[in-house]
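Student: Here it is, the structure in full.
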Amino acid sequence: MNEQYVRDLHEVDESQSAIVGGKGAHLGTLSRIDGVHVPDGFCVTTDAFRRIMAEAPSIDGLLDRLPRLDPDDREGVRTLSARIRRAVEEIALPHDLAAEITGALGRFGERAAYAVRSSATAEDLPTASFAGQQDTYLNVVGPAAVLRHVSLCWASLFTERAVVYRRRNGIDDRTVRMAVVVQRMVLPEAAGILFTADPVTGDRTVATVDAGFGLGEALVSGLVNPDVFKVRGDEVVVRTIAAKQRALYALPGGGTREVAVEPRRREQPALTDAQVLRLVRLGRRIEAHFGTPQDIEWCLVDDGFRIVQSRPVTTLFPVPERGDRENHVYVSVGHNQMMTDPMKPLGYSMWQLTAMVAMHEAGGRLFVDVTPRLASPTGRVALLDLIGRGDPLVRDALETVLDRGDFVPTVPDTAPVGPPAGGAPTPIATDPAIVTGLIERSRASVAALERDIRTKTGPALFEFLLEAFEEHKRVLSDPLSLQVIMAGMEATWWLNDKLREWLGEKNSADTLTLSAPDNVTSEMGLALLDVADVIRPHPEVVAFLRGVGDEDFLDDLAKLAGGTEARDAIEAYLDRYGMRCVGEIDITRPRWRERPDTLVPVILDHVRNFEPGAAARRFEQGRRKAEQKEQDVLTRLRALPEGDLKAAETKAMIDRVRTFIGYREYPKYGIISRYAVYRQALLREAERLVEAGVLTEREDAFHLTFQELHTVVRTHRVDAGLLRRRKDAFRSYHALTPPRVLTSDGEALTGSYRRDDVPAGALVGVPVSAGTVEGRARVVLDMAKADLEAGDILVTAFTDPSWSPVFVGIAGLVTEVGGLMTHGAVIAREYGLPAVVGVERATRLIRDGQRIRVHGTDGFIEILS
């Protein structure tokens, strides 16, 4: 193969990013768009870089060491990357390579000024922009200077920031190549950046222009504050003119110089409104060509715009694809389900197929379109009330959209006025047998699924599963089950509202519901204490468990003194709860039954921190506290006017909440029990595809939707390119923060608490479990790595039911996600843990080991040290 070291910009396009890098490919494509002017120039190709790297074999040994470094080891990365850069910079350019570059300079003007810019193959990608990771040099004059700066660009592939960025985005250093773009320098009157979507809010209908005098590098580097223009449609809607004290200009002999702006020009806009609108129209044309919002660097020369770079804006949260031009308002499913991590396609498609409402995917997360409910006056009030009780931030975000008046048009209620035909449903009696019956029906349904799926394989399995999903939804939508859930929640709300009104107490229901019966999730946490009781008397087993490193440890336990009992206890626990795991709504996540080692750190914490019999004692303590609280409340109510009536009503509601509130957790247990059965059947099918050579590994199936996997099983053909793109996209989704509310314009809204009743500097959230506790904050992002001691306060992003075993050993809870009735809140109340959830950025604002005070009754956290 003949290597080509130089390509003219006008000869390249997006298909050649492997040859000219992301920036070069984009610039070549830009130069072909009608009406877009790109400064002339050429690319030094990745062939040249590959040849240079081959000139120094010692670099190979240094590159071998890079993957072994932890990206958080900044000193190690800094030292090693500096050695690699020096080695690259010191390589002499071969004569023929240097001649080809200088020959290209001759075509564009040997003594002209040039911009010399890095263009890596892992740059300006739809999923990772690498903005600012490699080097750019402006106003480089003369062949010798250009050659030297080409070498500096090659070396900048190994800056500390670029190496760390690649590691965190899962990109192998050896797979990345560096091209270099050399362009005729333009000397602009003004320059800056155009975002074709608002980079802060995500709104795709608003373009933002940053502008300043002279070279744009002054803005990019933060040297000066820019003028900022926001444009919606064909109108400048926001205009902020900065006092521009300094500007960067090119020097005649090369290089740049910072100069003071003349006083009379400092507060003049760098662009007129007409120029801003013309620039945005140009940006929209570029955005339409690439099909995604763009971050565009521009220069103004003689009242004409030159485009010197365009890259995708990778920080915007994607918008669900709907195929219409209607306005939509979406609410996050993950914030309600306490799992905001991205899901793989099989995971989100399975949730879509088994959910009771239509769900739309974006960024690996699911959203529900609430626009029709918001458009109806009656539906809007009911929705905001229900959501507001659970998560005030979602309610506030929805109200922010509604307050604009024009995004969600109001339509008349279609429901007839007056009571529905047949009247309201008969309230259910406060009868524990109702809960017992529902649980038995759910268990029978799961048992039937396990029995009937055993013989199903191939396409027949998928046909069976589609029928199973209908049964799944039938169980979920059982009217009696929904009535029981609502009865428990309504009784909770009634108690909190009435006892605050009558006795001045906040969140009384938190104590009244301690150790409520039939709560499968709180039982799961206490049951692991019982497992610890079996293990604690056997030092050899405890020592063995401290060294466990994989999931195959159970078989080895039987060889130890006490090991058989320990194994049997763990196995019994897995028989009941082994279908659970962190992020359990995603069917692609391995279950505890597959990875029992996940539970070992928690078991060891329990062995260390608790005495025998702790589970029974804790449950009984909670039951007694609830009983004492009930007697206290009723006694005080009887002393009030109409006290006997108030006490009787309250007693009925206490009985009702204790009968029904525990069942709130059971439907999720039933869903996850069914999911474990689906998962095992699909994994067996994926293994057959691996054996047939259709898939490389069984986990490849996770990157296909259920429908796509069905097709692959039927045809024994898979699109390898699709799998590769899905894996890249999934990696990129981890860098995105899902919003609580998202509009079809792309605006991401998180909501505000709007409270003025908390101390200055306190972190605000939703009070979900009463009480105040002070202790050491333990910031834990992975349950398997939790190392908790009695009295610690757990601070994490979110908790689903799988975190319950951790709850029994802590003193308080703080999460970034959650509401009054989400699982973490329910279990915190069950265990009597003061808890505040929905605390924005808690894991970043609270440092591990800090002393904090959690005000679970009033919903805020004070950082004490």
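Each chain in the structure tokens gets a letter, A, B, ..., in the order shown, and its residues are numbered from 1; ligands are numbered from 1 in order too.
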Determine, counting only C-alpha atoms, which protein, DNA and RNA residues have an atom within 8 Å of an atom of Val38 in chain A; residues of the same chain fewer than 4 positions away are not included. Present the result as JSON, numbers by chain.
Tutor: {"A": [27, 30, 31, 306, 307, 308]}
Student: Residues of the last selection are to be written out with N, CA and C atoms, as a PDB file, in the first residue's frame.
Tutor:
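The resulting file, out_3.pdb, is shown below:
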ATOM      1  N   LEU A  27     -13.617  19.342   8.668  1.00  0.00           N
ATOM      2  CA  LEU A  27     -13.293  20.530   7.865  1.00  0.00           C
ATOM      3  C   LEU A  27     -13.441  20.243   6.377  1.00  0.00           C
ATOM      4  N   LEU A  30     -17.091  20.239   5.728  1.00  0.00           N
ATOM      5  CA  LEU A  30     -17.602  21.607   5.793  1.00  0.00           C
ATOM      6  C   LEU A  30     -17.319  22.378   4.506  1.00  0.00           C
ATOM      7  N   SER A  31     -16.135  22.158   3.953  1.00  0.00           N
ATOM      8  CA  SER A  31     -15.734  22.912   2.751  1.00  0.00           C
ATOM      9  C   SER A  31     -16.613  22.568   1.549  1.00  0.00           C
ATOM     10  N   ARG A 306     -15.811  32.827   8.184  1.00  0.00           N
ATOM     11  CA  ARG A 306     -15.000  31.650   7.868  1.00  0.00           C
ATOM     12  C   ARG A 306     -15.197  30.653   9.014  1.00  0.00           C
ATOM     13  N   ILE A 307     -15.417  29.420   8.667  1.00  0.00           N
ATOM     14  CA  ILE A 307     -15.619  28.369   9.665  1.00  0.00           C
ATOM     15  C   ILE A 307     -14.306  27.603   9.807  1.00  0.00           C
ATOM     16  N   VAL A 308     -13.769  27.596  11.021  1.00  0.00           N
ATOM     17  CA  VAL A 308     -12.471  26.941  11.229  1.00  0.00           C
ATOM     18  C   VAL A 308     -12.599  25.637  12.012  1.00  0.00           C
TER      19      VAL A 308
END
Student: Within 9 Å of Leu499 in chain A, counting only C-alpha atoms, which residues qualify if same-chain residues fewer than 4 places away don't, as a compact mmCIF listing (two decimals) with all heavy atoms, in the first residue's frame?
Tutor:
# COMPACT_ATOMS: atom_id res chain seq x y z
N TRP A 494 -52.72 10.93 54.84
CA TRP A 494 -53.75 11.39 55.79
C TRP A 494 -53.13 11.58 57.17
O TRP A 494 -53.36 12.61 57.82
CB TRP A 494 -54.88 10.34 55.85
CG TRP A 494 -56.09 10.79 56.60
CD1 TRP A 494 -57.24 11.33 56.09
CD2 TRP A 494 -56.30 10.73 58.03
NE1 TRP A 494 -58.14 11.61 57.10
CE2 TRP A 494 -57.58 11.26 58.31
CE3 TRP A 494 -55.52 10.29 59.10
CZ2 TRP A 494 -58.10 11.35 59.59
CZ3 TRP A 494 -56.03 10.39 60.39
CH2 TRP A 494 -57.30 10.91 60.63
N LEU A 495 -52.36 10.61 57.63
CA LEU A 495 -51.76 10.71 58.96
C LEU A 495 -50.81 11.90 59.05
O LEU A 495 -50.84 12.66 60.03
CB LEU A 495 -51.01 9.41 59.30
CG LEU A 495 -51.90 8.21 59.63
CD1 LEU A 495 -51.07 6.93 59.64
CD2 LEU A 495 -52.59 8.40 60.99
N LEU A 503 -51.78 18.12 65.87
CA LEU A 503 -50.78 18.05 66.93
C LEU A 503 -49.51 18.85 66.63
O LEU A 503 -48.61 18.91 67.48
CB LEU A 503 -50.38 16.58 67.17
CG LEU A 503 -51.51 15.63 67.59
CD1 LEU A 503 -50.98 14.21 67.72
CD2 LEU A 503 -52.13 16.09 68.92
N GLY A 504 -49.41 19.43 65.43
CA GLY A 504 -48.21 20.20 65.08
C GLY A 504 -46.99 19.34 64.83
O GLY A 504 -45.85 19.82 64.92
N GLU A 505 -47.19 18.05 64.53
CA GLU A 505 -46.08 17.12 64.29
C GLU A 505 -45.84 16.92 62.80
O GLU A 505 -46.79 16.77 62.04
CB GLU A 505 -46.38 15.76 64.92
CG GLU A 505 -46.17 15.71 66.40
CD GLU A 505 -46.09 14.26 66.89
OE1 GLU A 505 -46.01 13.35 66.05
OE2 GLU A 505 -46.11 14.07 68.11
N LYS A 506 -44.57 16.87 62.41
CA LYS A 506 -44.23 16.58 61.02
C LYS A 506 -43.94 15.08 60.85
O LYS A 506 -43.28 14.47 61.69
CB LYS A 506 -42.97 17.36 60.60
CG LYS A 506 -43.13 18.86 60.57
CD LYS A 506 -41.81 19.51 60.13
CE LYS A 506 -41.91 21.02 60.12
NZ LYS A 506 -40.61 21.65 59.76
N ASN A 507 -44.42 14.53 59.76
CA ASN A 507 -44.06 13.17 59.33
C ASN A 507 -44.28 12.12 60.43
O ASN A 507 -43.45 11.23 60.63
CB ASN A 507 -42.61 13.13 58.86
CG ASN A 507 -42.34 14.11 57.74
OD1 ASN A 507 -43.20 14.38 56.92
ND2 ASN A 507 -41.13 14.65 57.71
N SER A 508 -45.41 12.19 61.11
CA SER A 508 -45.69 11.22 62.17
C SER A 508 -45.76 9.80 61.64
O SER A 508 -45.44 8.83 62.35
CB SER A 508 -47.01 11.55 62.86
OG SER A 508 -46.92 12.79 63.53
N ALA A 509 -46.19 9.65 60.40
CA ALA A 509 -46.35 8.30 59.83
C ALA A 509 -45.02 7.55 59.77
O ALA A 509 -45.00 6.32 59.73
CB ALA A 509 -46.98 8.38 58.44
N VAL A 633 -49.93 9.32 70.38
CA VAL A 633 -50.74 10.15 69.47
C VAL A 633 -52.21 10.09 69.88
O VAL A 633 -52.89 11.12 69.97
CB VAL A 633 -50.55 9.67 68.01
CG1 VAL A 633 -51.65 10.21 67.10
CG2 VAL A 633 -49.19 10.10 67.50
N LEU A 637 -54.60 13.14 71.17
CA LEU A 637 -55.77 13.52 70.37
C LEU A 637 -57.03 13.55 71.23
O LEU A 637 -57.89 14.44 71.06
CB LEU A 637 -55.96 12.53 69.21
CG LEU A 637 -54.98 12.67 68.03
CD1 LEU A 637 -55.20 11.53 67.05
CD2 LEU A 637 -55.14 14.02 67.33
N THR A 650 -58.02 8.41 63.54
CA THR A 650 -56.58 8.19 63.46
C THR A 650 -56.23 6.73 63.68
O THR A 650 -55.40 6.15 62.98
CB THR A 650 -55.84 9.09 64.47
OG1 THR A 650 -56.14 10.46 64.19
CG2 THR A 650 -54.33 8.87 64.40
Student: For Arg844 in chain A, list every protein, DNA or RNA residue within 10 Å, evaluated using only C-alpha atoms, and leave out those in the same chain fewer than 6 positions away; present the list as a count of residues only.
Tutor: 5
Student: Between CA of Leu634 in chain A and CA of Thr513 in chain A, measure the distance and give it in Å to one decimal.
Tutor: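 Taking CA of Leu634 in chain A as the start and CA of Thr513 in chain A as the end point, the length is 15.2 Å.
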Student: From a backbone DSSP assignment, name each residue in range 167-268 of chain A labelled strand (DSSP E), as a PyMOL selection string.
Tutor: chain A and resi 178-184+190-195+206-213+227-232+235-240+246-250+256-260
Student: I need the residues from that last selection saved to file as a short mmCIF file (atom, residue, chain, number, x, y, z; two decimals), in the first residue's frame (with N, CA and C atoms), if you can.
Tutor:
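Printed below is selection16.cif as written:
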data_model
loop_
_atom_site.label_atom_id
_atom_site.label_comp_id
_atom_site.auth_asym_id
_atom_site.auth_seq_id
_atom_site.Cartn_x
_atom_site.Cartn_y
_atom_site.Cartn_z
N MET A 178 -2.86 10.24 15.09
CA MET A 178 -2.92 11.70 15.01
C MET A 178 -2.61 12.17 13.60
N ALA A 179 -3.55 12.90 13.03
CA ALA A 179 -3.28 13.67 11.81
C ALA A 179 -3.10 15.12 12.25
N VAL A 180 -2.65 15.96 11.33
CA VAL A 180 -2.45 17.38 11.64
C VAL A 180 -3.05 18.21 10.50
N VAL A 181 -3.86 19.20 10.86
CA VAL A 181 -4.46 20.11 9.88
C VAL A 181 -3.59 21.37 9.81
N VAL A 182 -3.21 21.75 8.60
CA VAL A 182 -2.44 22.98 8.37
C VAL A 182 -3.28 23.87 7.47
N GLN A 183 -3.73 25.04 7.99
CA GLN A 183 -4.63 25.91 7.24
C GLN A 183 -4.06 27.32 7.15
N ARG A 184 -4.38 27.98 6.04
CA ARG A 184 -4.02 29.40 5.94
C ARG A 184 -4.65 30.16 7.09
N ALA A 190 -13.34 39.80 14.30
CA ALA A 190 -14.00 39.20 15.47
C ALA A 190 -14.01 37.69 15.27
N ALA A 191 -14.13 36.98 16.35
CA ALA A 191 -14.16 35.52 16.27
C ALA A 191 -14.87 34.99 17.51
N GLY A 192 -15.20 33.71 17.47
CA GLY A 192 -15.86 33.13 18.63
C GLY A 192 -16.42 31.77 18.35
N ILE A 193 -17.45 31.42 19.12
CA ILE A 193 -18.04 30.08 19.08
C ILE A 193 -19.55 30.21 18.92
N LEU A 194 -20.10 29.34 18.10
CA LEU A 194 -21.55 29.24 17.93
C LEU A 194 -21.99 27.84 18.36
N PHE A 195 -22.90 27.78 19.31
CA PHE A 195 -23.55 26.51 19.66
C PHE A 195 -24.93 26.54 19.03
N VAL A 206 -32.75 27.16 20.64
CA VAL A 206 -31.99 28.37 20.99
C VAL A 206 -30.53 28.17 20.60
N ALA A 207 -30.01 29.06 19.77
CA ALA A 207 -28.59 29.05 19.42
C ALA A 207 -27.89 30.10 20.26
N THR A 208 -26.64 29.82 20.64
CA THR A 208 -25.86 30.74 21.47
C THR A 208 -24.58 31.12 20.73
N VAL A 209 -24.33 32.42 20.64
CA VAL A 209 -23.13 32.93 19.98
C VAL A 209 -22.28 33.65 21.02
N ASP A 210 -21.02 33.21 21.17
CA ASP A 210 -20.02 33.93 21.97
C ASP A 210 -19.11 34.64 21.00
N ALA A 211 -18.86 35.93 21.22
CA ALA A 211 -18.08 36.71 20.26
C ALA A 211 -17.15 37.67 20.97
N GLY A 212 -15.96 37.87 20.38
CA GLY A 212 -15.00 38.84 20.90
C GLY A 212 -14.17 39.40 19.76
N PHE A 213 -13.41 40.43 20.05
CA PHE A 213 -12.53 41.02 19.03
C PHE A 213 -11.29 40.14 18.84
N ASP A 227 -18.99 38.64 24.38
CA ASP A 227 -20.38 39.04 24.17
C ASP A 227 -21.17 37.74 23.98
N VAL A 228 -22.38 37.71 24.51
CA VAL A 228 -23.20 36.50 24.37
C VAL A 228 -24.55 36.89 23.76
N PHE A 229 -24.89 36.22 22.68
CA PHE A 229 -26.17 36.43 22.02
C PHE A 229 -26.92 35.11 22.00
N LYS A 230 -28.20 35.15 22.37
CA LYS A 230 -29.05 33.96 22.24
C LYS A 230 -30.12 34.23 21.19
N VAL A 231 -30.29 33.27 20.30
CA VAL A 231 -31.18 33.45 19.16
C VAL A 231 -32.21 32.33 19.15
N ARG A 232 -33.49 32.74 19.09
CA ARG A 232 -34.56 31.77 18.88
C ARG A 232 -35.29 32.16 17.59
N GLU A 235 -34.69 35.72 15.73
CA GLU A 235 -34.70 36.88 16.62
C GLU A 235 -33.65 36.71 17.71
N VAL A 236 -32.90 37.78 17.97
CA VAL A 236 -31.98 37.78 19.10
C VAL A 236 -32.81 38.04 20.36
N VAL A 237 -32.90 37.03 21.24
CA VAL A 237 -33.77 37.14 22.41
C VAL A 237 -32.99 37.54 23.67
N VAL A 238 -31.69 37.33 23.67
CA VAL A 238 -30.84 37.74 24.80
C VAL A 238 -29.57 38.33 24.21
N ARG A 239 -29.14 39.46 24.77
CA ARG A 239 -27.93 40.12 24.28
C ARG A 239 -27.15 40.61 25.50
N THR A 240 -25.96 40.07 25.74
CA THR A 240 -25.13 40.49 26.86
C THR A 240 -23.79 40.96 26.31
N ARG A 246 -9.24 43.12 26.77
CA ARG A 246 -8.09 42.59 26.05
C ARG A 246 -8.55 41.83 24.80
N ALA A 247 -7.63 41.67 23.86
CA ALA A 247 -7.89 40.87 22.65
C ALA A 247 -6.57 40.27 22.20
N LEU A 248 -6.65 39.21 21.42
CA LEU A 248 -5.47 38.50 20.93
C LEU A 248 -5.35 38.73 19.43
N TYR A 249 -4.16 39.15 18.99
CA TYR A 249 -3.95 39.42 17.56
C TYR A 249 -2.67 38.72 17.10
N ALA A 250 -2.62 38.44 15.78
CA ALA A 250 -1.44 37.81 15.19
C ALA A 250 -0.33 38.84 14.99
N THR A 256 1.39 35.17 18.46
CA THR A 256 0.27 36.06 18.79
C THR A 256 0.63 36.95 19.96
N ARG A 257 -0.15 38.03 20.10
CA ARG A 257 0.12 38.96 21.20
C ARG A 257 -1.20 39.45 21.77
N GLU A 258 -1.23 39.54 23.10
CA GLU A 258 -2.40 40.07 23.79
C GLU A 258 -2.26 41.59 23.83
N VAL A 259 -3.31 42.31 23.40
CA VAL A 259 -3.25 43.77 23.39
C VAL A 259 -4.50 44.34 24.08
N ALA A 260 -4.36 45.58 24.55
CA ALA A 260 -5.50 46.25 25.18
C ALA A 260 -6.44 46.78 24.10
#
Student: Going by DSSP on the backbone, which residues of range 579-812 of chain A come out as helix (DSSP H, G or I)? List them as a ChimeraX atom specification.
Tutor: /A:596-609,614-638,643-691,698-703,706-715,720-733,783-785,801-807
Student: Quick one: residues within 10 Å of Lys473 in chain A, only C-alpha atoms counted, chain neighbours fewer than 6 positions away excluded, as a JSON list (two decimals) with N, CA, C and O atoms, in the first residue's frame?
Tutor:
[["chain", "number", "residue", "atom", "x", "y", "z"],
["A", 353, "LEU", "N", -41.56, -3.19, 27.03],
["A", 353, "LEU", "CA", -42.53, -4.23, 26.70],
["A", 353, "LEU", "C", -43.34, -4.70, 27.90],
["A", 353, "LEU", "O", -44.44, -5.25, 27.73],
["A", 354, "THR", "N", -42.84, -4.47, 29.10],
["A", 354, "THR", "CA", -43.54, -4.97, 30.29],
["A", 354, "THR", "C", -44.13, -3.84, 31.14],
["A", 354, "THR", "O", -44.75, -4.11, 32.17],
["A", 355, "ALA", "N", -43.95, -2.59, 30.72],
["A", 355, "ALA", "CA", -44.46, -1.45, 31.49],
["A", 355, "ALA", "C", -45.93, -1.21, 31.18],
["A", 355, "ALA", "O", -46.44, -1.59, 30.12],
["A", 356, "MET", "N", -46.60, -0.53, 32.10],
["A", 356, "MET", "CA", -48.03, -0.27, 31.95],
["A", 356, "MET", "C", -48.31, 0.97, 31.10],
["A", 356, "MET", "O", -49.45, 1.18, 30.68],
["A", 671, "ILE", "N", -41.98, -8.28, 39.94],
["A", 671, "ILE", "CA", -41.42, -7.92, 38.63],
["A", 671, "ILE", "C", -40.02, -8.48, 38.50],
["A", 671, "ILE", "O", -39.66, -9.11, 37.49]]
